[in-house]
$ cat target-v9.pdb   # PDB, C-alpha atoms
ATOM      1  CA  MET A   1      19.223 -28.479-234.217
ATOM      2  CA  PRO A   2      16.998 -27.181-237.019
ATOM      3  CA  ALA A   3      18.274 -29.861-239.428
ATOM      4  CA  ASP A   4      16.740 -32.482-237.091
ATOM      5  CA  THR A   5      13.209 -31.080-237.357
ATOM      6  CA  ASN A   6      10.102 -31.473-239.444
ATOM      7  CA  PRO A   7       8.464 -28.402-241.086
ATOM      8  CA  ALA A   8       6.473 -27.711-237.885
ATOM      9  CA  GLY A   9       9.662 -27.341-235.837
ATOM     10  CA  ASP A  10       9.326 -30.584-233.891
ATOM     11  CA  ILE A  11      12.362 -32.834-233.514
ATOM     12  CA  PHE A  12      12.090 -35.987-235.651
ATOM     13  CA  GLY A  13      11.145 -39.064-233.638
ATOM     14  CA  GLY A  14      13.905 -40.984-235.416
ATOM     15  CA  TRP A  15      16.520 -38.582-234.065
ATOM     16  CA  LEU A  16      15.232 -39.079-230.533
ATOM     17  CA  MET A  17      15.129 -42.852-230.978
ATOM     18  CA  ALA A  18      18.757 -42.812-232.184
ATOM     19  CA  GLN A  19      19.807 -40.882-229.063
ATOM     20  CA  MET A  20      17.967 -43.406-226.898
ATOM     21  CA  ASP A  21      19.679 -46.292-228.712
ATOM     22  CA  LEU A  22      23.098 -44.700-228.143
ATOM     23  CA  ALA A  23      22.421 -44.161-224.436
ATOM     24  CA  ALA A  24      21.000 -47.658-223.881
ATOM     25  CA  GLY A  25      23.892 -49.098-225.913
ATOM     26  CA  ASN A  26      26.378 -47.463-223.555
ATOM     27  CA  VAL A  27      24.663 -49.100-220.571
ATOM     28  CA  ALA A  28      24.588 -52.482-222.360
ATOM     29  CA  ALA A  29      28.265 -52.338-223.368
ATOM     30  CA  ARG A  30      29.326 -51.358-219.874
ATOM     31  CA  ARG A  31      27.392 -54.233-218.257
ATOM     32  CA  ALA A  32      28.411 -56.763-220.935
ATOM     33  CA  ARG A  33      32.006 -55.484-220.844
ATOM     34  CA  GLY A  34      32.139 -55.254-224.612
ATOM     35  CA  ARG A  35      30.316 -54.718-227.825
ATOM     36  CA  CYS A  36      26.549 -55.161-228.036
ATOM     37  CA  ALA A  37      24.047 -54.936-230.875
ATOM     38  CA  THR A  38      20.461 -53.686-230.709
ATOM     39  CA  ILE A  39      18.046 -56.434-231.704
ATOM     40  CA  ALA A  40      14.649 -55.059-230.652
ATOM     41  CA  VAL A  41      12.800 -51.977-229.449
ATOM     42  CA  GLU A  42       9.435 -52.392-227.728
ATOM     43  CA  GLY A  43       6.700 -50.035-226.684
ATOM     44  CA  MET A  44       7.785 -46.648-227.998
ATOM     45  CA  THR A  45       4.972 -44.102-227.938
ATOM     46  CA  PHE A  46       5.665 -40.395-228.389
ATOM     47  CA  LEU A  47       3.763 -38.590-225.641
ATOM     48  CA  HIS A  48       4.913 -34.990-226.264
ATOM     49  CA  PRO A  49       6.957 -33.204-228.914
ATOM     50  CA  VAL A  50      10.541 -31.997-228.482
ATOM     51  CA  PHE A  51      11.319 -28.550-229.925
ATOM     52  CA  VAL A  52      14.533 -26.945-231.135
ATOM     53  CA  GLY A  53      16.367 -25.594-228.103
ATOM     54  CA  ASP A  54      14.856 -28.058-225.626
ATOM     55  CA  GLU A  55      17.196 -29.931-223.313
ATOM     56  CA  VAL A  56      16.716 -33.693-223.646
ATOM     57  CA  SER A  57      17.685 -36.002-220.781
ATOM     58  CA  LEU A  58      17.815 -39.776-221.086
ATOM     59  CA  TYR A  59      17.578 -42.203-218.169
ATOM     60  CA  ALA A  60      18.373 -45.901-218.593
ATOM     61  CA  ARG A  61      18.286 -48.912-216.310
ATOM     62  CA  ILE A  62      18.903 -52.593-216.831
ATOM     63  CA  VAL A  63      15.676 -54.564-216.508
ATOM     64  CA  SER A  64      17.051 -58.073-217.071
ATOM     65  CA  VAL A  65      20.154 -59.952-218.155
ATOM     66  CA  GLY A  66      19.977 -63.267-219.993
ATOM     67  CA  ARG A  67      22.742 -65.565-221.196
ATOM     68  CA  SER A  68      23.744 -63.237-224.040
ATOM     69  CA  SER A  69      21.046 -60.542-223.962
ATOM     70  CA  LEU A  70      20.195 -57.462-221.929
ATOM     71  CA  LYS A  71      16.908 -55.569-221.688
ATOM     72  CA  ILE A  72      17.240 -51.876-220.927
ATOM     73  CA  ARG A  73      14.364 -49.498-220.147
ATOM     74  CA  ILE A  74      15.102 -45.967-221.273
ATOM     75  CA  GLU A  75      13.081 -42.799-220.755
ATOM     76  CA  ALA A  76      13.428 -39.493-222.602
ATOM     77  CA  TRP A  77      12.492 -36.222-220.878
ATOM     78  CA  ARG A  78      12.459 -32.654-222.202
ATOM     79  CA  ARG A  79      12.956 -29.300-220.544
ATOM     80  CA  ALA A  80      12.246 -26.065-222.373
ATOM     81  CA  ARG A  81      15.225 -23.705-222.307
ATOM     82  CA  GLU A  82      13.401 -21.053-220.243
ATOM     83  CA  SER A  83      11.744 -23.458-217.789
ATOM     84  CA  GLU A  84      12.574 -25.787-214.920
ATOM     85  CA  GLU A  85       9.586 -28.030-215.656
ATOM     86  CA  THR A  86      10.384 -31.401-217.209
ATOM     87  CA  THR A  87       8.040 -33.578-219.267
ATOM     88  CA  GLN A  88       8.442 -37.201-220.212
ATOM     89  CA  VAL A  89       8.527 -37.488-223.995
ATOM     90  CA  THR A  90       8.733 -41.255-224.496
ATOM     91  CA  GLN A  91      10.089 -44.506-223.138
ATOM     92  CA  ALA A  92      10.971 -47.868-224.622
ATOM     93  CA  LEU A  93      12.480 -51.235-223.839
ATOM     94  CA  PHE A  94      15.644 -51.894-225.864
ATOM     95  CA  THR A  95      17.035 -55.424-226.175
ATOM     96  CA  PHE A  96      20.729 -55.912-226.899
ATOM     97  CA  VAL A  97      22.862 -58.984-227.536
ATOM     98  CA  ALA A  98      26.497 -59.117-226.447
ATOM     99  CA  ILE A  99      28.666 -59.952-229.469
ATOM    100  CA  ASP A 100      32.265 -61.072-229.932
ATOM    101  CA  ALA A 101      34.940 -59.969-232.427
ATOM    102  CA  ASN A 102      33.233 -62.084-235.120
ATOM    103  CA  ARG A 103      29.870 -60.423-234.404
ATOM    104  CA  ARG A 104      28.485 -63.644-232.966
ATOM    105  CA  PRO A 105      26.506 -63.765-229.694
ATOM    106  CA  ARG A 106      28.624 -64.279-226.594
ATOM    107  CA  PRO A 107      27.723 -64.758-222.932
ATOM    108  CA  VAL A 108      27.268 -61.697-220.732
ATOM    109  CA  PRO A 109      29.836 -61.996-217.924
ATOM    110  CA  PRO A 110      28.531 -62.453-214.384
ATOM    111  CA  ASP A 111      27.848 -59.270-212.454
TER
END
$ encode --input "target-v9.pdb" --output "C-alpha coordinates"
Amino acid sequence: MPADTNPAGDIFGGWLMAQMDLAAGNVAARRARGRCATIAVEGMTFLHPVFVGDEVSLYARIVSVGRSSLKIRIEAWRRARESEETTQVTQALFTFVAIDANRRPRPVPPD
(Lines of atoms letter the chains of each structure in order from A and count residues from 1; the text may use other names and numbers.)
(Lines give C-alpha, C1' and ligand atoms only; values in the text may rest on other atoms or scores of the structure.)
Protein backbone atom coordinates (compact mmCIF):
# COMPACT_ATOMS: atom_id res chain seq x y z
CA MET A 1 0.00 0.00 0.00
CA PRO A 2 1.16 3.59 -0.52
CA ALA A 3 1.70 4.08 3.23
CA ASP A 4 4.39 1.36 3.05
CA THR A 5 6.50 3.21 0.47
CA ASN A 6 9.33 5.69 0.30
CA PRO A 7 8.97 8.91 -1.77
CA ALA A 8 10.13 7.06 -4.92
CA GLY A 9 7.25 4.58 -4.67
CA ASP A 10 9.32 1.58 -3.62
CA ILE A 11 8.10 -0.60 -0.76
CA PHE A 12 10.17 -0.11 2.41
CA GLY A 13 12.65 -2.92 3.01
CA GLY A 14 11.52 -3.04 6.64
CA TRP A 15 7.97 -3.86 5.56
CA LEU A 16 9.22 -6.72 3.41
CA MET A 17 11.47 -7.99 6.20
CA ALA A 18 8.50 -7.97 8.60
CA GLN A 19 6.46 -10.06 6.15
CA MET A 20 9.35 -12.51 5.84
CA ASP A 21 9.63 -12.73 9.64
CA LEU A 22 5.90 -13.47 9.93
CA ALA A 23 6.06 -16.19 7.27
CA ALA A 24 9.20 -17.82 8.69
CA GLY A 25 7.70 -17.55 12.19
CA ASN A 26 4.67 -19.53 11.05
CA VAL A 27 6.93 -22.31 9.76
CA ALA A 28 8.97 -22.27 13.00
CA ALA A 29 5.89 -22.39 15.26
CA ARG A 30 4.37 -25.22 13.27
CA ARG A 31 7.56 -27.33 13.45
CA ALA A 32 8.23 -26.47 17.11
CA ARG A 33 4.55 -26.99 17.96
CA GLY A 34 4.40 -23.72 19.85
CA ARG A 35 5.68 -20.24 20.26
CA CYS A 36 9.03 -19.19 18.82
CA ALA A 37 11.03 -15.97 18.91
CA THR A 38 13.26 -14.54 16.19
CA ILE A 39 16.83 -14.24 17.41
CA ALA A 40 18.81 -13.56 14.22
CA VAL A 41 18.54 -12.69 10.54
CA GLU A 42 21.50 -13.39 8.26
CA GLY A 43 22.38 -12.46 4.72
CA MET A 44 19.59 -10.14 3.61
CA THR A 45 20.45 -8.26 0.43
CA PHE A 46 17.78 -6.43 -1.55
CA LEU A 47 18.24 -7.42 -5.19
CA HIS A 48 15.26 -5.62 -6.78
CA PRO A 49 12.63 -3.15 -5.60
CA VAL A 50 8.99 -3.99 -4.89
CA PHE A 51 6.42 -1.45 -6.13
CA VAL A 52 2.90 -0.61 -5.01
CA GLY A 53 0.55 -3.11 -6.63
CA ASP A 54 3.13 -5.88 -6.98
CA GLU A 55 2.21 -9.34 -5.74
CA VAL A 56 4.76 -10.60 -3.20
CA SER A 57 5.21 -14.33 -2.63
CA LEU A 58 7.26 -15.79 0.20
CA TYR A 59 8.76 -19.28 0.22
CA ALA A 60 10.23 -20.79 3.40
CA ARG A 61 11.96 -24.05 4.23
CA ILE A 62 13.56 -25.41 7.35
CA VAL A 63 17.32 -25.66 6.95
CA SER A 64 18.21 -27.13 10.35
CA VAL A 65 16.76 -27.92 13.76
CA GLY A 66 18.84 -27.78 16.93
CA ARG A 67 17.91 -28.56 20.52
CA SER A 68 15.83 -25.39 20.90
CA SER A 69 16.51 -23.49 17.66
CA LEU A 70 15.40 -23.61 14.04
CA LYS A 71 17.02 -22.05 10.98
CA ILE A 72 14.62 -21.14 8.19
CA ARG A 73 15.61 -19.94 4.71
CA ILE A 74 13.02 -17.62 3.23
CA GLU A 75 12.86 -16.08 -0.23
CA ALA A 76 10.74 -13.14 -1.37
CA TRP A 77 9.60 -12.88 -5.00
CA ARG A 78 7.63 -10.16 -6.79
CA ARG A 79 5.27 -10.22 -9.73
CA ALA A 80 4.05 -7.02 -11.36
CA ARG A 81 0.26 -6.87 -11.55
CA GLU A 82 0.19 -6.93 -15.37
CA SER A 83 2.86 -9.62 -15.82
CA GLU A 84 3.44 -13.33 -15.31
CA GLU A 85 7.19 -12.86 -14.85
CA THR A 86 8.49 -13.26 -11.31
CA THR A 87 11.71 -11.82 -9.89
CA GLN A 88 13.47 -12.74 -6.69
CA VAL A 89 13.66 -9.68 -4.46
CA THR A 90 15.65 -10.99 -1.49
CA GLN A 91 16.35 -13.97 0.72
CA ALA A 92 17.58 -14.45 4.26
CA LEU A 93 18.24 -17.04 6.92
CA PHE A 94 16.07 -16.51 10.01
CA THR A 95 16.95 -18.20 13.30
CA PHE A 96 14.21 -18.85 15.85
CA VAL A 97 14.22 -20.28 19.37
CA ALA A 98 11.28 -22.29 20.69
CA ILE A 99 10.05 -20.70 23.93
CA ASP A 100 7.75 -21.82 26.73
CA ALA A 101 4.99 -19.97 28.61
CA ASN A 102 7.66 -18.14 30.64
CA ARG A 103 9.46 -17.06 27.45
CA ARG A 104 12.40 -19.32 28.23
CA PRO A 105 14.01 -21.60 25.61
CA ARG A 106 12.48 -25.06 25.38
CA PRO A 107 13.40 -28.13 23.34
CA VAL A 108 11.97 -28.51 19.84
CA PRO A 109 9.96 -31.75 19.85
CA PRO A 110 11.21 -34.60 17.65
CA ASP A 111 9.90 -34.63 14.10
$ resolve_selection --input "target-v9.pdb" --expression "the PyMOL selection byres ((chain A and resi 23-31) around 9)" --output "PyMOL selection string"
chain A and resi 18-22+32-38+58-62+69-74+94-98+108-109+111
$ resolve_selection --input "target-v9.pdb" --expression "the PyMOL selection byres ((chain A and resi 56) around 9)" --output "ChimeraX atom specification"
/A:16,50,54-55,57-58,76-80
$ closest_residue --input "target-v9.pdb" --among "A:Ile39, A:Leu47, A:Val63, A:Val52" --to "A:Gln88" --atoms "only C-alpha atoms"
A:Leu47
$ atom_distance --input "target-v9.pdb" --atom1 "atom CA of A:Gln91" --atom2 "atom CA of A:His48"
11.3 Å
$ residues_around --input "target-v9.pdb" --residues "A:Gly13" --least-positions-apart "2" --cutoff "10 Å" --atoms "all atoms listed in the file" --output "number ranges by chain"
A: 4-6, 10-11, 15-19, 45-46, 49-50, 90
$ atom_distance --input "target-v9.pdb" --atom1 "atom CA of A:Leu93" --atom2 "atom CA of A:Arg81"
27.7 Å
$ atom_distance --input "target-v9.pdb" --atom1 "atom CA of A:Glu85" --atom2 "atom CA of A:Val41"
27.8 Å
$ axis_aligned_box --input "target-v9.pdb" --around "stretch 85-92 of chain A" --padding-each-side "6 Å" --output "JSON"
{"center_x": 9.5, "center_y": -37.9, "center_z": -220.1, "size_x": 14.9, "size_y": 31.8, "size_z": 21.0}
$ closest_residue --input "target-v9.pdb" --among "A:Asn102, A:Ala3, A:Ala92, A:Pro110" --to "A:Ala40" --atoms "only C-alpha atoms"
A:Ala92
$ closest_residue --input "target-v9.pdb" --among "A:Pro7, A:Arg104, A:Glu82, A:Gly14" --to "A:Gly53" --atoms "all atoms listed in the file"
A:Glu82
$ decode --input "target-v9.pdb" --residues "stretch 7-36 of chain A" --atoms "N, CA, C and O atoms" --output "PDB file, in the first residue's frame"
ATOM      1  N   PRO A   7       9.423   7.905  -0.802  1.00  0.00           N
ATOM      2  CA  PRO A   7       8.968   8.910  -1.771  1.00  0.00           C
ATOM      3  C   PRO A   7       9.090   8.489  -3.236  1.00  0.00           C
ATOM      4  O   PRO A   7       8.398   9.002  -4.096  1.00  0.00           O
ATOM      5  N   ALA A   8       9.962   7.516  -3.537  1.00  0.00           N
ATOM      6  CA  ALA A   8      10.128   7.058  -4.920  1.00  0.00           C
ATOM      7  C   ALA A   8       9.090   6.013  -5.323  1.00  0.00           C
ATOM      8  O   ALA A   8       9.041   5.603  -6.477  1.00  0.00           O
ATOM      9  N   GLY A   9       8.272   5.567  -4.363  1.00  0.00           N
ATOM     10  CA  GLY A   9       7.246   4.582  -4.672  1.00  0.00           C
ATOM     11  C   GLY A   9       7.672   3.143  -4.481  1.00  0.00           C
ATOM     12  O   GLY A   9       6.932   2.225  -4.822  1.00  0.00           O
ATOM     13  N   ASP A  10       8.857   2.935  -3.919  1.00  0.00           N
ATOM     14  CA  ASP A  10       9.320   1.580  -3.622  1.00  0.00           C
ATOM     15  C   ASP A  10       8.833   1.183  -2.230  1.00  0.00           C
ATOM     16  O   ASP A  10       8.786   2.008  -1.315  1.00  0.00           O
ATOM     17  N   ILE A  11       8.507  -0.095  -2.071  1.00  0.00           N
ATOM     18  CA  ILE A  11       8.099  -0.598  -0.761  1.00  0.00           C
ATOM     19  C   ILE A  11       9.306  -0.563   0.172  1.00  0.00           C
ATOM     20  O   ILE A  11      10.416  -0.927  -0.219  1.00  0.00           O
ATOM     21  N   PHE A  12       9.100  -0.129   1.422  1.00  0.00           N
ATOM     22  CA  PHE A  12      10.173  -0.107   2.408  1.00  0.00           C
ATOM     23  C   PHE A  12      10.716  -1.509   2.638  1.00  0.00           C
ATOM     24  O   PHE A  12       9.950  -2.474   2.767  1.00  0.00           O
ATOM     25  N   GLY A  13      12.025  -1.636   2.716  1.00  0.00           N
ATOM     26  CA  GLY A  13      12.651  -2.921   3.006  1.00  0.00           C
ATOM     27  C   GLY A  13      12.218  -3.476   4.345  1.00  0.00           C
ATOM     28  O   GLY A  13      12.085  -4.690   4.515  1.00  0.00           O
ATOM     29  N   GLY A  14      11.970  -2.598   5.315  1.00  0.00           N
ATOM     30  CA  GLY A  14      11.524  -3.042   6.636  1.00  0.00           C
ATOM     31  C   GLY A  14      10.162  -3.707   6.595  1.00  0.00           C
ATOM     32  O   GLY A  14       9.899  -4.656   7.341  1.00  0.00           O
ATOM     33  N   TRP A  15       9.290  -3.218   5.714  1.00  0.00           N
ATOM     34  CA  TRP A  15       7.973  -3.860   5.562  1.00  0.00           C
ATOM     35  C   TRP A  15       8.152  -5.268   5.014  1.00  0.00           C
ATOM     36  O   TRP A  15       7.538  -6.225   5.518  1.00  0.00           O
ATOM     37  N   LEU A  16       8.993  -5.403   4.008  1.00  0.00           N
ATOM     38  CA  LEU A  16       9.223  -6.720   3.408  1.00  0.00           C
ATOM     39  C   LEU A  16       9.871  -7.662   4.419  1.00  0.00           C
ATOM     40  O   LEU A  16       9.484  -8.831   4.540  1.00  0.00           O
ATOM     41  N   MET A  17      10.823  -7.165   5.191  1.00  0.00           N
ATOM     42  CA  MET A  17      11.469  -7.991   6.198  1.00  0.00           C
ATOM     43  C   MET A  17      10.458  -8.448   7.249  1.00  0.00           C
ATOM     44  O   MET A  17      10.509  -9.600   7.710  1.00  0.00           O
ATOM     45  N   ALA A  18       9.536  -7.590   7.639  1.00  0.00           N
ATOM     46  CA  ALA A  18       8.498  -7.973   8.603  1.00  0.00           C
ATOM     47  C   ALA A  18       7.619  -9.085   8.050  1.00  0.00           C
ATOM     48  O   ALA A  18       7.264 -10.030   8.773  1.00  0.00           O
ATOM     49  N   GLN A  19       7.271  -9.011   6.770  1.00  0.00           N
ATOM     50  CA  GLN A  19       6.455 -10.062   6.147  1.00  0.00           C
ATOM     51  C   GLN A  19       7.229 -11.383   6.127  1.00  0.00           C
ATOM     52  O   GLN A  19       6.658 -12.453   6.374  1.00  0.00           O
ATOM     53  N   MET A  20       8.518 -11.309   5.853  1.00  0.00           N
ATOM     54  CA  MET A  20       9.350 -12.507   5.841  1.00  0.00           C
ATOM     55  C   MET A  20       9.446 -13.112   7.242  1.00  0.00           C
ATOM     56  O   MET A  20       9.378 -14.339   7.410  1.00  0.00           O
ATOM     57  N   ASP A  21       9.566 -12.262   8.254  1.00  0.00           N
ATOM     58  CA  ASP A  21       9.634 -12.732   9.637  1.00  0.00           C
ATOM     59  C   ASP A  21       8.332 -13.428  10.035  1.00  0.00           C
ATOM     60  O   ASP A  21       8.350 -14.481  10.681  1.00  0.00           O
ATOM     61  N   LEU A  22       7.204 -12.857   9.633  1.00  0.00           N
ATOM     62  CA  LEU A  22       5.904 -13.472   9.932  1.00  0.00           C
ATOM     63  C   LEU A  22       5.783 -14.843   9.265  1.00  0.00           C
ATOM     64  O   LEU A  22       5.350 -15.819   9.891  1.00  0.00           O
ATOM     65  N   ALA A  23       6.164 -14.927   8.004  1.00  0.00           N
ATOM     66  CA  ALA A  23       6.059 -16.192   7.274  1.00  0.00           C
ATOM     67  C   ALA A  23       6.999 -17.247   7.860  1.00  0.00           C
ATOM     68  O   ALA A  23       6.598 -18.394   8.093  1.00  0.00           O
ATOM     69  N   ALA A  24       8.248 -16.872   8.113  1.00  0.00           N
ATOM     70  CA  ALA A  24       9.204 -17.819   8.693  1.00  0.00           C
ATOM     71  C   ALA A  24       8.772 -18.208  10.102  1.00  0.00           C
ATOM     72  O   ALA A  24       8.929 -19.367  10.510  1.00  0.00           O
ATOM     73  N   GLY A  25       8.196 -17.260  10.842  1.00  0.00           N
ATOM     74  CA  GLY A  25       7.701 -17.548  12.192  1.00  0.00           C
ATOM     75  C   GLY A  25       6.579 -18.571  12.194  1.00  0.00           C
ATOM     76  O   GLY A  25       6.482 -19.402  13.099  1.00  0.00           O
ATOM     77  N   ASN A  26       5.730 -18.523  11.173  1.00  0.00           N
ATOM     78  CA  ASN A  26       4.668 -19.526  11.053  1.00  0.00           C
ATOM     79  C   ASN A  26       5.253 -20.915  10.857  1.00  0.00           C
ATOM     80  O   ASN A  26       4.792 -21.890  11.457  1.00  0.00           O
ATOM     81  N   VAL A  27       6.267 -21.016  10.008  1.00  0.00           N
ATOM     82  CA  VAL A  27       6.933 -22.307   9.764  1.00  0.00           C
ATOM     83  C   VAL A  27       7.597 -22.795  11.052  1.00  0.00           C
ATOM     84  O   VAL A  27       7.483 -23.972  11.420  1.00  0.00           O
ATOM     85  N   ALA A  28       8.284 -21.896  11.759  1.00  0.00           N
ATOM     86  CA  ALA A  28       8.967 -22.269  13.005  1.00  0.00           C
ATOM     87  C   ALA A  28       7.971 -22.748  14.056  1.00  0.00           C
ATOM     88  O   ALA A  28       8.182 -23.788  14.696  1.00  0.00           O
ATOM     89  N   ALA A  29       6.884 -22.021  14.245  1.00  0.00           N
ATOM     90  CA  ALA A  29       5.890 -22.387  15.259  1.00  0.00           C
ATOM     91  C   ALA A  29       5.221 -23.719  14.934  1.00  0.00           C
ATOM     92  O   ALA A  29       4.947 -24.520  15.829  1.00  0.00           O
ATOM     93  N   ARG A  30       4.994 -23.958  13.676  1.00  0.00           N
ATOM     94  CA  ARG A  30       4.371 -25.220  13.269  1.00  0.00           C
ATOM     95  C   ARG A  30       5.308 -26.393  13.576  1.00  0.00           C
ATOM     96  O   ARG A  30       4.892 -27.407  14.126  1.00  0.00           O
ATOM     97  N   ARG A  31       6.594 -26.246  13.208  1.00  0.00           N
ATOM     98  CA  ARG A  31       7.557 -27.327  13.446  1.00  0.00           C
ATOM     99  C   ARG A  31       7.828 -27.510  14.932  1.00  0.00           C
ATOM    100  O   ARG A  31       7.964 -28.625  15.437  1.00  0.00           O
ATOM    101  N   ALA A  32       7.927 -26.405  15.675  1.00  0.00           N
ATOM    102  CA  ALA A  32       8.229 -26.465  17.108  1.00  0.00           C
ATOM    103  C   ALA A  32       6.987 -26.758  17.949  1.00  0.00           C
ATOM    104  O   ALA A  32       7.085 -26.953  19.153  1.00  0.00           O
ATOM    105  N   ARG A  33       5.834 -26.747  17.294  1.00  0.00           N
ATOM    106  CA  ARG A  33       4.546 -26.988  17.958  1.00  0.00           C
ATOM    107  C   ARG A  33       4.326 -26.015  19.114  1.00  0.00           C
ATOM    108  O   ARG A  33       3.929 -26.401  20.204  1.00  0.00           O
ATOM    109  N   GLY A  34       4.604 -24.747  18.830  1.00  0.00           N
ATOM    110  CA  GLY A  34       4.401 -23.720  19.848  1.00  0.00           C
ATOM    111  C   GLY A  34       5.146 -22.445  19.502  1.00  0.00           C
ATOM    112  O   GLY A  34       5.722 -22.300  18.430  1.00  0.00           O
ATOM    113  N   ARG A  35       5.121 -21.568  20.454  1.00  0.00           N
ATOM    114  CA  ARG A  35       5.675 -20.236  20.265  1.00  0.00           C
ATOM    115  C   ARG A  35       7.178 -20.252  20.016  1.00  0.00           C
ATOM    116  O   ARG A  35       7.916 -21.033  20.620  1.00  0.00           O
ATOM    117  N   CYS A  36       7.599 -19.362  19.134  1.00  0.00           N
ATOM    118  CA  CYS A  36       9.027 -19.190  18.815  1.00  0.00           C
ATOM    119  C   CYS A  36       9.331 -17.699  18.752  1.00  0.00           C
ATOM    120  O   CYS A  36       8.455 -16.886  18.464  1.00  0.00           O
TER     121      CYS A  36
END
